[in-house]
file input23.txt (compact mmCIF, N, CA and C atoms)
# COMPACT_ATOMS: atom_id res chain seq x y z
N MET A 15 9.02 -8.27 11.54
CA MET A 15 7.60 -8.02 11.56
C MET A 15 7.35 -6.52 11.65
N ALA A 16 6.70 -5.95 10.68
CA ALA A 16 6.40 -4.52 10.71
C ALA A 16 5.18 -4.27 11.59
N VAL A 17 5.24 -3.18 12.33
CA VAL A 17 4.13 -2.74 13.17
C VAL A 17 3.94 -1.25 12.94
N ALA A 18 2.91 -0.69 13.54
CA ALA A 18 2.60 0.72 13.33
C ALA A 18 3.80 1.62 13.63
N ASP A 19 4.59 1.30 14.66
CA ASP A 19 5.75 2.14 15.02
C ASP A 19 6.81 2.17 13.93
N ASP A 20 6.80 1.18 13.02
CA ASP A 20 7.78 1.17 11.94
C ASP A 20 7.56 2.31 10.95
N LEU A 21 6.41 2.93 10.99
CA LEU A 21 6.18 4.11 10.15
C LEU A 21 7.18 5.20 10.51
N ASP A 22 7.55 5.28 11.79
CA ASP A 22 8.54 6.27 12.24
C ASP A 22 9.97 5.73 12.20
N ARG A 23 10.13 4.42 12.36
CA ARG A 23 11.47 3.83 12.38
C ARG A 23 12.13 3.79 11.00
N ALA A 24 11.31 3.74 9.96
CA ALA A 24 11.87 3.75 8.60
C ALA A 24 12.51 5.12 8.36
N THR A 25 13.48 5.17 7.48
CA THR A 25 14.15 6.44 7.17
C THR A 25 13.80 6.87 5.75
N ASP A 26 14.12 8.10 5.43
CA ASP A 26 13.84 8.63 4.09
C ASP A 26 14.46 7.75 3.01
N THR A 27 15.59 7.12 3.31
CA THR A 27 16.26 6.31 2.30
C THR A 27 15.55 4.99 2.05
N THR A 28 14.59 4.64 2.90
CA THR A 28 13.85 3.39 2.70
C THR A 28 12.44 3.65 2.18
N ASP A 29 12.16 4.88 1.78
CA ASP A 29 10.85 5.19 1.20
C ASP A 29 10.80 4.74 -0.25
N SER A 30 9.66 4.86 -0.85
CA SER A 30 9.43 4.42 -2.23
C SER A 30 10.57 4.82 -3.17
N GLU A 31 10.82 3.96 -4.16
CA GLU A 31 11.85 4.25 -5.17
C GLU A 31 11.43 5.40 -6.07
N TRP A 32 10.14 5.72 -6.11
CA TRP A 32 9.66 6.83 -6.93
C TRP A 32 9.66 8.09 -6.10
N ASP A 33 10.40 9.11 -6.54
CA ASP A 33 10.60 10.33 -5.75
C ASP A 33 9.29 10.99 -5.33
N TRP A 34 8.31 11.09 -6.24
CA TRP A 34 7.06 11.79 -5.89
C TRP A 34 6.28 11.01 -4.83
N VAL A 35 6.36 9.68 -4.84
CA VAL A 35 5.69 8.87 -3.81
C VAL A 35 6.43 9.03 -2.48
N ALA A 36 7.76 9.02 -2.53
CA ALA A 36 8.55 9.20 -1.31
C ALA A 36 8.27 10.57 -0.68
N GLU A 37 8.17 11.59 -1.52
CA GLU A 37 7.88 12.94 -1.00
C GLU A 37 6.49 13.00 -0.38
N GLN A 38 5.51 12.38 -1.02
CA GLN A 38 4.16 12.36 -0.45
C GLN A 38 4.16 11.62 0.88
N THR A 39 4.90 10.53 0.95
CA THR A 39 5.00 9.76 2.19
C THR A 39 5.56 10.62 3.31
N ARG A 40 6.62 11.34 3.04
CA ARG A 40 7.25 12.19 4.07
C ARG A 40 6.33 13.33 4.49
N THR A 41 5.63 13.94 3.54
CA THR A 41 4.68 15.02 3.87
C THR A 41 3.56 14.49 4.74
N TYR A 42 3.02 13.35 4.36
CA TYR A 42 1.93 12.68 5.09
C TYR A 42 2.35 12.45 6.53
N LEU A 43 3.53 11.86 6.73
CA LEU A 43 4.00 11.54 8.07
C LEU A 43 4.33 12.79 8.88
N ALA A 44 4.98 13.77 8.24
CA ALA A 44 5.37 15.00 8.95
C ALA A 44 4.15 15.75 9.46
N SER A 45 3.03 15.64 8.76
CA SER A 45 1.81 16.35 9.16
C SER A 45 0.97 15.54 10.14
N GLY A 46 1.42 14.34 10.48
CA GLY A 46 0.64 13.49 11.36
C GLY A 46 -0.59 12.91 10.66
N GLY A 47 -0.59 12.99 9.34
CA GLY A 47 -1.70 12.44 8.57
C GLY A 47 -2.75 13.45 8.16
N THR A 48 -2.53 14.73 8.51
CA THR A 48 -3.51 15.75 8.13
C THR A 48 -3.30 16.24 6.70
N GLU A 49 -2.10 16.02 6.15
CA GLU A 49 -1.82 16.35 4.75
C GLU A 49 -1.45 15.07 4.01
N GLY A 50 -1.92 14.94 2.79
CA GLY A 50 -1.55 13.79 1.98
C GLY A 50 -2.53 12.65 1.99
N HIS A 51 -3.48 12.66 2.93
CA HIS A 51 -4.46 11.57 2.99
C HIS A 51 -5.46 11.66 1.84
N GLU A 52 -5.88 12.86 1.50
CA GLU A 52 -6.86 13.04 0.43
C GLU A 52 -6.35 14.08 -0.56
N SER A 53 -6.45 13.75 -1.84
CA SER A 53 -6.05 14.68 -2.89
C SER A 53 -6.90 14.41 -4.12
N ASN A 54 -7.63 15.40 -4.56
CA ASN A 54 -8.47 15.29 -5.75
C ASN A 54 -9.42 14.10 -5.69
N GLY A 55 -9.97 13.84 -4.53
CA GLY A 55 -10.93 12.76 -4.38
C GLY A 55 -10.32 11.38 -4.20
N LEU A 56 -9.00 11.27 -4.20
CA LEU A 56 -8.32 9.99 -3.96
C LEU A 56 -7.81 9.97 -2.52
N TYR A 57 -7.95 8.82 -1.90
CA TYR A 57 -7.48 8.66 -0.53
C TYR A 57 -6.29 7.72 -0.52
N THR A 58 -5.27 8.10 0.26
CA THR A 58 -4.06 7.29 0.33
C THR A 58 -3.73 6.91 1.77
N LEU A 59 -3.03 5.81 1.90
CA LEU A 59 -2.52 5.37 3.19
C LEU A 59 -1.03 5.16 3.05
N ILE A 60 -0.37 5.04 4.18
CA ILE A 60 1.05 4.70 4.18
C ILE A 60 1.18 3.28 4.70
N LEU A 61 1.95 2.51 3.96
CA LEU A 61 2.19 1.11 4.31
C LEU A 61 3.65 0.95 4.69
N ALA A 62 3.91 0.34 5.84
CA ALA A 62 5.27 0.00 6.27
C ALA A 62 5.41 -1.51 6.23
N THR A 63 6.37 -1.99 5.46
CA THR A 63 6.68 -3.42 5.39
C THR A 63 8.08 -3.64 5.93
N THR A 64 8.40 -4.91 6.14
CA THR A 64 9.75 -5.27 6.56
C THR A 64 10.50 -5.78 5.34
N GLY A 65 11.66 -5.19 5.05
CA GLY A 65 12.47 -5.64 3.93
C GLY A 65 12.78 -7.13 4.07
N ARG A 66 12.45 -7.92 3.05
CA ARG A 66 12.58 -9.37 3.14
C ARG A 66 14.03 -9.83 3.22
N ARG A 67 14.96 -9.05 2.71
CA ARG A 67 16.38 -9.42 2.78
C ARG A 67 17.12 -8.66 3.88
N THR A 68 16.71 -7.41 4.13
CA THR A 68 17.44 -6.56 5.06
C THR A 68 16.84 -6.53 6.47
N GLY A 69 15.53 -6.80 6.57
CA GLY A 69 14.86 -6.68 7.86
C GLY A 69 14.58 -5.23 8.24
N VAL A 70 14.88 -4.30 7.34
CA VAL A 70 14.71 -2.87 7.60
C VAL A 70 13.29 -2.44 7.22
N PRO A 71 12.64 -1.60 8.05
CA PRO A 71 11.30 -1.11 7.68
C PRO A 71 11.35 -0.25 6.42
N ARG A 72 10.35 -0.44 5.56
CA ARG A 72 10.24 0.33 4.31
C ARG A 72 8.83 0.88 4.21
N ARG A 73 8.71 2.08 3.63
CA ARG A 73 7.41 2.75 3.55
C ARG A 73 7.06 3.11 2.12
N THR A 74 5.75 3.13 1.86
CA THR A 74 5.24 3.66 0.60
C THR A 74 3.84 4.19 0.82
N CYS A 75 3.42 5.05 -0.06
CA CYS A 75 2.09 5.65 -0.01
C CYS A 75 1.26 5.04 -1.14
N LEU A 76 0.05 4.59 -0.83
CA LEU A 76 -0.78 3.88 -1.79
C LEU A 76 -2.23 4.37 -1.76
N ILE A 77 -2.87 4.39 -2.91
CA ILE A 77 -4.31 4.65 -2.99
C ILE A 77 -5.01 3.46 -2.35
N TYR A 78 -6.11 3.73 -1.63
CA TYR A 78 -6.82 2.61 -1.00
C TYR A 78 -8.33 2.74 -1.17
N GLY A 79 -8.97 1.59 -0.99
CA GLY A 79 -10.41 1.48 -0.86
C GLY A 79 -10.67 0.66 0.40
N THR A 80 -11.91 0.34 0.64
CA THR A 80 -12.24 -0.48 1.80
C THR A 80 -13.17 -1.61 1.40
N SER A 81 -13.14 -2.66 2.20
CA SER A 81 -14.05 -3.79 2.07
C SER A 81 -14.32 -4.28 3.47
N GLY A 82 -15.47 -3.95 4.01
CA GLY A 82 -15.74 -4.24 5.42
C GLY A 82 -14.74 -3.48 6.27
N ASP A 83 -14.08 -4.18 7.18
CA ASP A 83 -13.07 -3.55 8.05
C ASP A 83 -11.69 -3.50 7.40
N ASP A 84 -11.54 -4.14 6.25
CA ASP A 84 -10.25 -4.20 5.57
C ASP A 84 -9.99 -2.98 4.70
N PHE A 85 -8.72 -2.65 4.57
CA PHE A 85 -8.28 -1.64 3.61
C PHE A 85 -7.74 -2.40 2.41
N VAL A 86 -8.00 -1.89 1.22
CA VAL A 86 -7.66 -2.58 -0.02
C VAL A 86 -6.70 -1.71 -0.83
N VAL A 87 -5.58 -2.30 -1.25
CA VAL A 87 -4.59 -1.61 -2.08
C VAL A 87 -4.27 -2.49 -3.29
N VAL A 88 -3.71 -1.86 -4.31
CA VAL A 88 -3.42 -2.54 -5.56
C VAL A 88 -1.92 -2.50 -5.83
N ALA A 89 -1.35 -3.65 -6.15
CA ALA A 89 0.09 -3.77 -6.41
C ALA A 89 0.36 -3.58 -7.90
N SER A 90 0.04 -2.38 -8.40
CA SER A 90 0.10 -2.14 -9.85
C SER A 90 1.49 -1.81 -10.36
N LYS A 91 2.26 -1.08 -9.60
CA LYS A 91 3.59 -0.59 -10.02
C LYS A 91 3.49 0.07 -11.41
N GLY A 92 2.38 0.79 -11.63
CA GLY A 92 2.20 1.53 -12.87
C GLY A 92 2.08 0.64 -14.10
N GLY A 93 1.74 -0.63 -13.90
CA GLY A 93 1.62 -1.55 -15.03
C GLY A 93 2.93 -2.23 -15.41
N ALA A 94 3.93 -2.14 -14.54
CA ALA A 94 5.21 -2.81 -14.80
C ALA A 94 5.01 -4.33 -14.82
N ASP A 95 5.93 -5.03 -15.47
CA ASP A 95 5.83 -6.48 -15.57
C ASP A 95 6.25 -7.21 -14.29
N LYS A 96 6.85 -6.48 -13.35
CA LYS A 96 7.27 -7.08 -12.08
C LYS A 96 6.44 -6.50 -10.94
N ASP A 97 6.20 -7.31 -9.93
CA ASP A 97 5.48 -6.85 -8.74
C ASP A 97 6.31 -5.81 -8.00
N PRO A 98 5.65 -4.88 -7.31
CA PRO A 98 6.41 -3.91 -6.50
C PRO A 98 7.11 -4.61 -5.33
N GLU A 99 8.19 -4.01 -4.88
CA GLU A 99 8.96 -4.58 -3.78
C GLU A 99 8.13 -4.70 -2.51
N TRP A 100 7.23 -3.72 -2.26
CA TRP A 100 6.44 -3.78 -1.04
C TRP A 100 5.57 -5.03 -1.01
N LEU A 101 5.11 -5.49 -2.17
CA LEU A 101 4.30 -6.71 -2.22
C LEU A 101 5.15 -7.93 -1.87
N LYS A 102 6.35 -7.98 -2.44
CA LYS A 102 7.25 -9.10 -2.13
C LYS A 102 7.58 -9.11 -0.63
N ASN A 103 7.76 -7.93 -0.06
CA ASN A 103 8.06 -7.84 1.37
C ASN A 103 6.90 -8.36 2.22
N LEU A 104 5.68 -7.95 1.91
CA LEU A 104 4.56 -8.39 2.76
C LEU A 104 4.21 -9.85 2.52
N GLN A 105 4.57 -10.40 1.36
CA GLN A 105 4.37 -11.83 1.16
C GLN A 105 5.34 -12.63 2.03
N ALA A 106 6.53 -12.08 2.25
CA ALA A 106 7.51 -12.73 3.12
C ALA A 106 7.17 -12.52 4.59
N GLU A 107 6.63 -11.36 4.93
CA GLU A 107 6.25 -11.03 6.31
C GLU A 107 4.95 -10.22 6.25
N PRO A 108 3.82 -10.88 6.51
CA PRO A 108 2.52 -10.22 6.32
C PRO A 108 2.10 -9.22 7.40
N ASN A 109 2.85 -9.11 8.49
CA ASN A 109 2.52 -8.10 9.49
C ASN A 109 3.08 -6.76 9.03
N VAL A 110 2.22 -5.76 8.94
CA VAL A 110 2.59 -4.46 8.38
C VAL A 110 2.10 -3.34 9.29
N GLY A 111 2.72 -2.17 9.13
CA GLY A 111 2.23 -0.96 9.78
C GLY A 111 1.46 -0.14 8.76
N VAL A 112 0.39 0.50 9.22
CA VAL A 112 -0.46 1.28 8.32
C VAL A 112 -0.83 2.60 8.98
N GLN A 113 -0.84 3.67 8.18
CA GLN A 113 -1.40 4.93 8.63
C GLN A 113 -2.44 5.36 7.62
N VAL A 114 -3.66 5.61 8.11
CA VAL A 114 -4.77 6.10 7.29
C VAL A 114 -5.21 7.41 7.92
N GLY A 115 -4.90 8.53 7.26
CA GLY A 115 -5.16 9.82 7.89
C GLY A 115 -4.33 9.91 9.16
N THR A 116 -4.96 10.20 10.27
CA THR A 116 -4.25 10.31 11.55
C THR A 116 -4.24 8.99 12.32
N ARG A 117 -4.92 7.98 11.82
CA ARG A 117 -5.03 6.68 12.49
C ARG A 117 -3.86 5.77 12.10
N ARG A 118 -3.22 5.18 13.13
CA ARG A 118 -2.13 4.23 12.91
C ARG A 118 -2.49 2.90 13.53
N PHE A 119 -2.10 1.83 12.83
CA PHE A 119 -2.38 0.50 13.36
C PHE A 119 -1.48 -0.53 12.69
N THR A 120 -1.41 -1.69 13.32
CA THR A 120 -0.74 -2.84 12.75
C THR A 120 -1.81 -3.65 12.03
N ALA A 121 -1.44 -4.23 10.88
CA ALA A 121 -2.39 -5.01 10.10
C ALA A 121 -1.73 -6.29 9.62
N ARG A 122 -2.56 -7.21 9.22
CA ARG A 122 -2.11 -8.45 8.58
C ARG A 122 -2.47 -8.31 7.11
N ALA A 123 -1.49 -8.47 6.24
CA ALA A 123 -1.70 -8.29 4.80
C ALA A 123 -1.79 -9.65 4.11
N ARG A 124 -2.64 -9.70 3.09
CA ARG A 124 -2.72 -10.89 2.26
C ARG A 124 -3.22 -10.52 0.88
N VAL A 125 -2.76 -11.28 -0.10
CA VAL A 125 -3.23 -11.09 -1.47
C VAL A 125 -4.63 -11.68 -1.56
N ALA A 126 -5.54 -10.94 -2.18
CA ALA A 126 -6.91 -11.41 -2.35
C ALA A 126 -6.94 -12.69 -3.17
N SER A 127 -7.83 -13.57 -2.81
CA SER A 127 -8.04 -14.80 -3.60
C SER A 127 -8.61 -14.40 -4.96
N PRO A 128 -8.55 -15.29 -5.95
CA PRO A 128 -9.16 -14.96 -7.25
C PRO A 128 -10.63 -14.55 -7.14
N ALA A 129 -11.39 -15.22 -6.29
CA ALA A 129 -12.81 -14.87 -6.11
C ALA A 129 -12.96 -13.48 -5.49
N GLU A 130 -12.13 -13.17 -4.48
CA GLU A 130 -12.18 -11.85 -3.85
C GLU A 130 -11.76 -10.78 -4.86
N ARG A 131 -10.71 -11.07 -5.62
CA ARG A 131 -10.20 -10.10 -6.60
C ARG A 131 -11.27 -9.77 -7.63
N GLU A 132 -12.06 -10.76 -8.00
CA GLU A 132 -13.11 -10.56 -9.00
C GLU A 132 -14.08 -9.44 -8.60
N SER A 133 -14.37 -9.33 -7.31
CA SER A 133 -15.26 -8.26 -6.87
C SER A 133 -14.51 -6.98 -6.48
N LEU A 134 -13.27 -7.14 -6.00
CA LEU A 134 -12.51 -5.96 -5.55
C LEU A 134 -11.89 -5.18 -6.69
N TRP A 135 -11.43 -5.84 -7.74
CA TRP A 135 -10.76 -5.16 -8.84
C TRP A 135 -11.64 -4.07 -9.46
N PRO A 136 -12.90 -4.36 -9.84
CA PRO A 136 -13.73 -3.29 -10.42
C PRO A 136 -13.95 -2.12 -9.44
N LYS A 137 -14.04 -2.42 -8.18
CA LYS A 137 -14.20 -1.37 -7.17
C LYS A 137 -12.96 -0.46 -7.15
N MET A 138 -11.76 -1.06 -7.21
CA MET A 138 -10.54 -0.27 -7.19
C MET A 138 -10.36 0.50 -8.49
N VAL A 139 -10.75 -0.08 -9.62
CA VAL A 139 -10.69 0.64 -10.90
C VAL A 139 -11.66 1.83 -10.86
N GLY A 140 -12.79 1.66 -10.18
CA GLY A 140 -13.72 2.78 -10.02
C GLY A 140 -13.13 3.92 -9.21
N ILE A 141 -12.29 3.58 -8.24
CA ILE A 141 -11.62 4.59 -7.42
C ILE A 141 -10.51 5.27 -8.21
N PHE A 142 -9.75 4.47 -8.96
CA PHE A 142 -8.60 4.98 -9.72
C PHE A 142 -8.61 4.32 -11.11
N PRO A 143 -9.27 4.93 -12.08
CA PRO A 143 -9.44 4.32 -13.41
C PRO A 143 -8.14 3.95 -14.13
N LEU A 144 -7.03 4.57 -13.79
CA LEU A 144 -5.77 4.21 -14.45
C LEU A 144 -5.34 2.77 -14.18
N TYR A 145 -5.88 2.14 -13.15
CA TYR A 145 -5.56 0.73 -12.91
C TYR A 145 -5.92 -0.12 -14.12
N ALA A 146 -7.01 0.20 -14.79
CA ALA A 146 -7.41 -0.56 -15.98
C ALA A 146 -6.35 -0.43 -17.07
N GLU A 147 -5.83 0.78 -17.24
CA GLU A 147 -4.76 0.99 -18.23
C GLU A 147 -3.50 0.23 -17.83
N TYR A 148 -3.16 0.27 -16.55
CA TYR A 148 -1.99 -0.45 -16.06
C TYR A 148 -2.13 -1.94 -16.36
N ALA A 149 -3.32 -2.49 -16.17
CA ALA A 149 -3.55 -3.91 -16.41
C ALA A 149 -3.35 -4.27 -17.88
N ARG A 150 -3.69 -3.35 -18.77
CA ARG A 150 -3.50 -3.60 -20.20
C ARG A 150 -2.02 -3.57 -20.59
N LYS A 151 -1.20 -2.86 -19.81
CA LYS A 151 0.23 -2.72 -20.12
C LYS A 151 1.07 -3.94 -19.75
N THR A 152 0.52 -4.85 -18.96
CA THR A 152 1.32 -5.95 -18.45
C THR A 152 0.62 -7.29 -18.67
N SER A 153 1.41 -8.34 -18.72
CA SER A 153 0.83 -9.68 -18.85
C SER A 153 0.51 -10.29 -17.48
N ARG A 154 1.03 -9.68 -16.40
CA ARG A 154 0.75 -10.25 -15.08
C ARG A 154 -0.64 -9.82 -14.61
N VAL A 155 -1.23 -10.63 -13.78
CA VAL A 155 -2.48 -10.26 -13.12
C VAL A 155 -2.08 -9.38 -11.95
N ILE A 156 -2.53 -8.14 -11.95
CA ILE A 156 -2.13 -7.21 -10.88
C ILE A 156 -2.81 -7.61 -9.58
N PRO A 157 -2.00 -7.89 -8.55
CA PRO A 157 -2.58 -8.33 -7.28
C PRO A 157 -3.33 -7.22 -6.55
N VAL A 158 -4.39 -7.65 -5.88
CA VAL A 158 -5.14 -6.79 -4.97
C VAL A 158 -4.83 -7.32 -3.56
N VAL A 159 -4.53 -6.41 -2.64
CA VAL A 159 -4.09 -6.78 -1.30
C VAL A 159 -5.07 -6.26 -0.26
N LEU A 160 -5.39 -7.12 0.69
CA LEU A 160 -6.25 -6.75 1.81
C LEU A 160 -5.39 -6.53 3.04
N LEU A 161 -5.63 -5.43 3.75
CA LEU A 161 -4.93 -5.11 4.99
C LEU A 161 -5.96 -5.16 6.11
N THR A 162 -5.84 -6.14 6.98
CA THR A 162 -6.81 -6.35 8.07
C THR A 162 -6.21 -5.85 9.37
N PRO A 163 -6.79 -4.80 9.97
CA PRO A 163 -6.27 -4.31 11.26
C PRO A 163 -6.30 -5.43 12.32
N VAL A 164 -5.25 -5.48 13.14
CA VAL A 164 -5.18 -6.46 14.20
C VAL A 164 -5.06 -5.74 15.54
N GLY A 165 -5.54 -6.41 16.60
CA GLY A 165 -5.40 -5.86 17.94
C GLY A 165 -6.25 -4.73 18.30
call {"tool": "encode", "arguments": {"input": "input23.txt", "output": "structure tokens"}}
result
Amino acid sequence: MAVADDLDRATDTTDSEWDWVAEQTRTYLASGGTEGHESNGLYTLILATTGRRTGVPRRTCLIYGTSGDDFVVVASKGGADKDPEWLKNLQAEPNVGVQVGTRRFTARARVASPAERESLWPKMVGIFPLYAEYARKTSRVIPVVLLTPVG
């Protein structure tokens, strides 16, 4: 079960497979959230999941939006035909650690229902228009994920 403290327990070798995302994650964490949260009008958070096979904490940096008290992220993987590993991890274990700016918390993650996705997808495309291009590149329906703070 990932919790907020797993943001620190994960190691550089368990960060995103994409070097630029891994570097942003490390910069974000090293600054305590004062660097990397906002860039060119986009806001990012760090998500810590538990590896579904290894049990090891894993981190990635993701663009986010909000819906009520929930944080919303998109499992686009740049339009790849396979879901990102972080999505598979949180589907196996939905308790996750999250850092948004300087705020850290544990959250419960879930994939949005089709009805929820219908309203959230256009909102996320409005935040990051490349999501629409990513959707055209793949035959899969790109999942939208809600992160609900707990405790």
call {"tool": "atom_distance", "arguments": {"input": "input23.txt", "atom1": "CA of Asp83 in chain A", "atom2": "atom C of Tyr148 in chain A"}}
result
26.8 Å
call {"tool": "select_by_dssp", "arguments": {"input": "input23.txt", "residues": "range 43-109 of chain A", "states": "strand (DSSP E)", "output": "PyMOL selection string"}}
result
chain A and resi 52-53+56-64+71-77+79-81+84-88+109
call {"tool": "atom_distance", "arguments": {"input": "input23.txt", "atom1": "atom N of Thr162 in chain A", "atom2": "atom N of Ala121 in chain A"}}
result
6.2 Å
call {"tool": "closest_residue", "arguments": {"input": "input23.txt", "among": "A:Ser81, A:Ser90, A:Arg118, A:Ala123", "to": "Gln105 in chain A", "atoms": "only N, CA and C atoms"}}
result
A:Ala123
call {"tool": "closest_residue", "arguments": {"input": "input23.txt", "among": "A:Leu61, A:Pro143, A:Tyr42, A:Gly165", "to": "Thr120 in chain A", "atoms": "all atoms listed in the file"}}
result
A:Gly165
call {"tool": "closest_residue", "arguments": {"input": "input23.txt", "among": "A:Cys75, A:Thr63, A:Asp84, A:Ala126", "to": "Arg40 in chain A", "atoms": "only N, CA and C atoms"}}
result
A:Cys75
call {"tool": "closest_residue", "arguments": {"input": "input23.txt", "among": "A:Val125, A:Gly115, A:Asn103, A:Val87", "to": "Glu49 in chain A", "atoms": "all atoms listed in the file"}}
result
A:Gly115
call {"tool": "closest_residue", "arguments": {"input": "input23.txt", "among": "A:Ala129, A:Val155, A:Val112, A:Leu56", "to": "Tyr78 in chain A", "atoms": "all atoms listed in the file"}}
result
A:Leu56
call {"tool": "atom_distance", "arguments": {"input": "input23.txt", "atom1": "atom N of Asn54 in chain A", "atom2": "atom N of Leu21 in chain A"}}
result
24.4 Å
call {"tool": "residues_near_point", "arguments": {"input": "input23.txt", "point": "(5.7, -0.1, -19.1)", "cutoff": "6.5 Å", "atoms": "all atoms listed in the file", "output": "ChimeraX atom specification"}}
result
/A:92-95,151
call {"tool": "write_last_selection", "arguments": {"input": "input23.txt", "atoms": "N, CA and C atoms", "output": "short mmCIF file (atom, residue, chain, number, x, y, z; two decimals), keeping the file's coordinate frame"}}
result
data_model
loop_
_atom_site.label_atom_id
_atom_site.label_comp_id
_atom_site.auth_asym_id
_atom_site.auth_seq_id
_atom_site.Cartn_x
_atom_site.Cartn_y
_atom_site.Cartn_z
N GLY A 92 2.38 0.79 -11.63
CA GLY A 92 2.20 1.53 -12.87
C GLY A 92 2.08 0.64 -14.10
N GLY A 93 1.74 -0.63 -13.90
CA GLY A 93 1.62 -1.55 -15.03
C GLY A 93 2.93 -2.23 -15.41
N ALA A 94 3.93 -2.14 -14.54
CA ALA A 94 5.21 -2.81 -14.80
C ALA A 94 5.01 -4.33 -14.82
N ASP A 95 5.93 -5.03 -15.47
CA ASP A 95 5.83 -6.48 -15.57
C ASP A 95 6.25 -7.21 -14.29
N LYS A 151 -1.20 -2.86 -19.81
CA LYS A 151 0.23 -2.72 -20.12
C LYS A 151 1.07 -3.94 -19.75
#
call {"tool": "select_by_dssp", "arguments": {"input": "input23.txt", "residues": "range 19-149 of chain A", "states": "helix (DSSP H, G or I)", "output": "JSON, numbers by chain"}}
result
{"A": [20, 21, 22, 23, 26, 27, 28, 33, 34, 35, 36, 37, 38, 39, 40, 41, 42, 43, 44, 91, 92, 93, 99, 100, 101, 102, 103, 104, 105, 106, 128, 129, 130, 131, 132, 133, 134, 135, 136, 137, 138, 139, 140, 141, 144, 145, 146, 147, 148, 149]}
call {"tool": "decode", "arguments": {"input": "input23.txt", "residues": "range 107-119 of chain A", "atoms": "N, CA and C atoms", "output": "tab-separated table (two decimals), in the first residue's frame"}}
result
chain	number	residue	atom	x	y	z
A	107	GLU	N	-3.32	-1.97	-6.41
A	107	GLU	CA	-3.29	-1.41	-5.06
A	107	GLU	C	-3.65	0.08	-5.16
A	108	PRO	N	-4.91	0.43	-4.87
A	108	PRO	CA	-5.37	1.80	-5.09
A	108	PRO	C	-4.92	2.85	-4.08
A	109	ASN	N	-4.26	2.45	-2.99
A	109	ASN	CA	-3.74	3.44	-2.06
A	109	ASN	C	-2.42	3.97	-2.60
A	110	VAL	N	-2.33	5.28	-2.75
A	110	VAL	CA	-1.18	5.91	-3.38
A	110	VAL	C	-0.70	7.09	-2.55
A	111	GLY	N	0.56	7.48	-2.78
A	111	GLY	CA	1.09	8.70	-2.20
A	111	GLY	C	1.07	9.79	-3.26
A	112	VAL	N	0.79	11.01	-2.85
A	112	VAL	CA	0.70	12.13	-3.79
A	112	VAL	C	1.39	13.35	-3.21
A	113	GLN	N	2.10	14.08	-4.08
A	113	GLN	CA	2.61	15.39	-3.70
A	113	GLN	C	2.13	16.39	-4.74
A	114	VAL	N	1.47	17.44	-4.26
A	114	VAL	CA	0.99	18.53	-5.11
A	114	VAL	C	1.63	19.80	-4.56
A	115	GLY	N	2.60	20.34	-5.28
A	115	GLY	CA	3.36	21.47	-4.74
A	115	GLY	C	4.06	21.00	-3.48
A	116	THR	N	3.86	21.70	-2.38
A	116	THR	CA	4.50	21.33	-1.12
A	116	THR	C	3.61	20.42	-0.26
A	117	ARG	N	2.40	20.17	-0.71
A	117	ARG	CA	1.44	19.35	0.05
A	117	ARG	C	1.61	17.86	-0.29
A	118	ARG	N	1.69	17.04	0.77
A	118	ARG	CA	1.79	15.59	0.61
A	118	ARG	C	0.62	14.93	1.31
A	119	PHE	N	0.11	13.86	0.68
A	119	PHE	CA	-1.00	13.15	1.28
A	119	PHE	C	-1.12	11.75	0.68
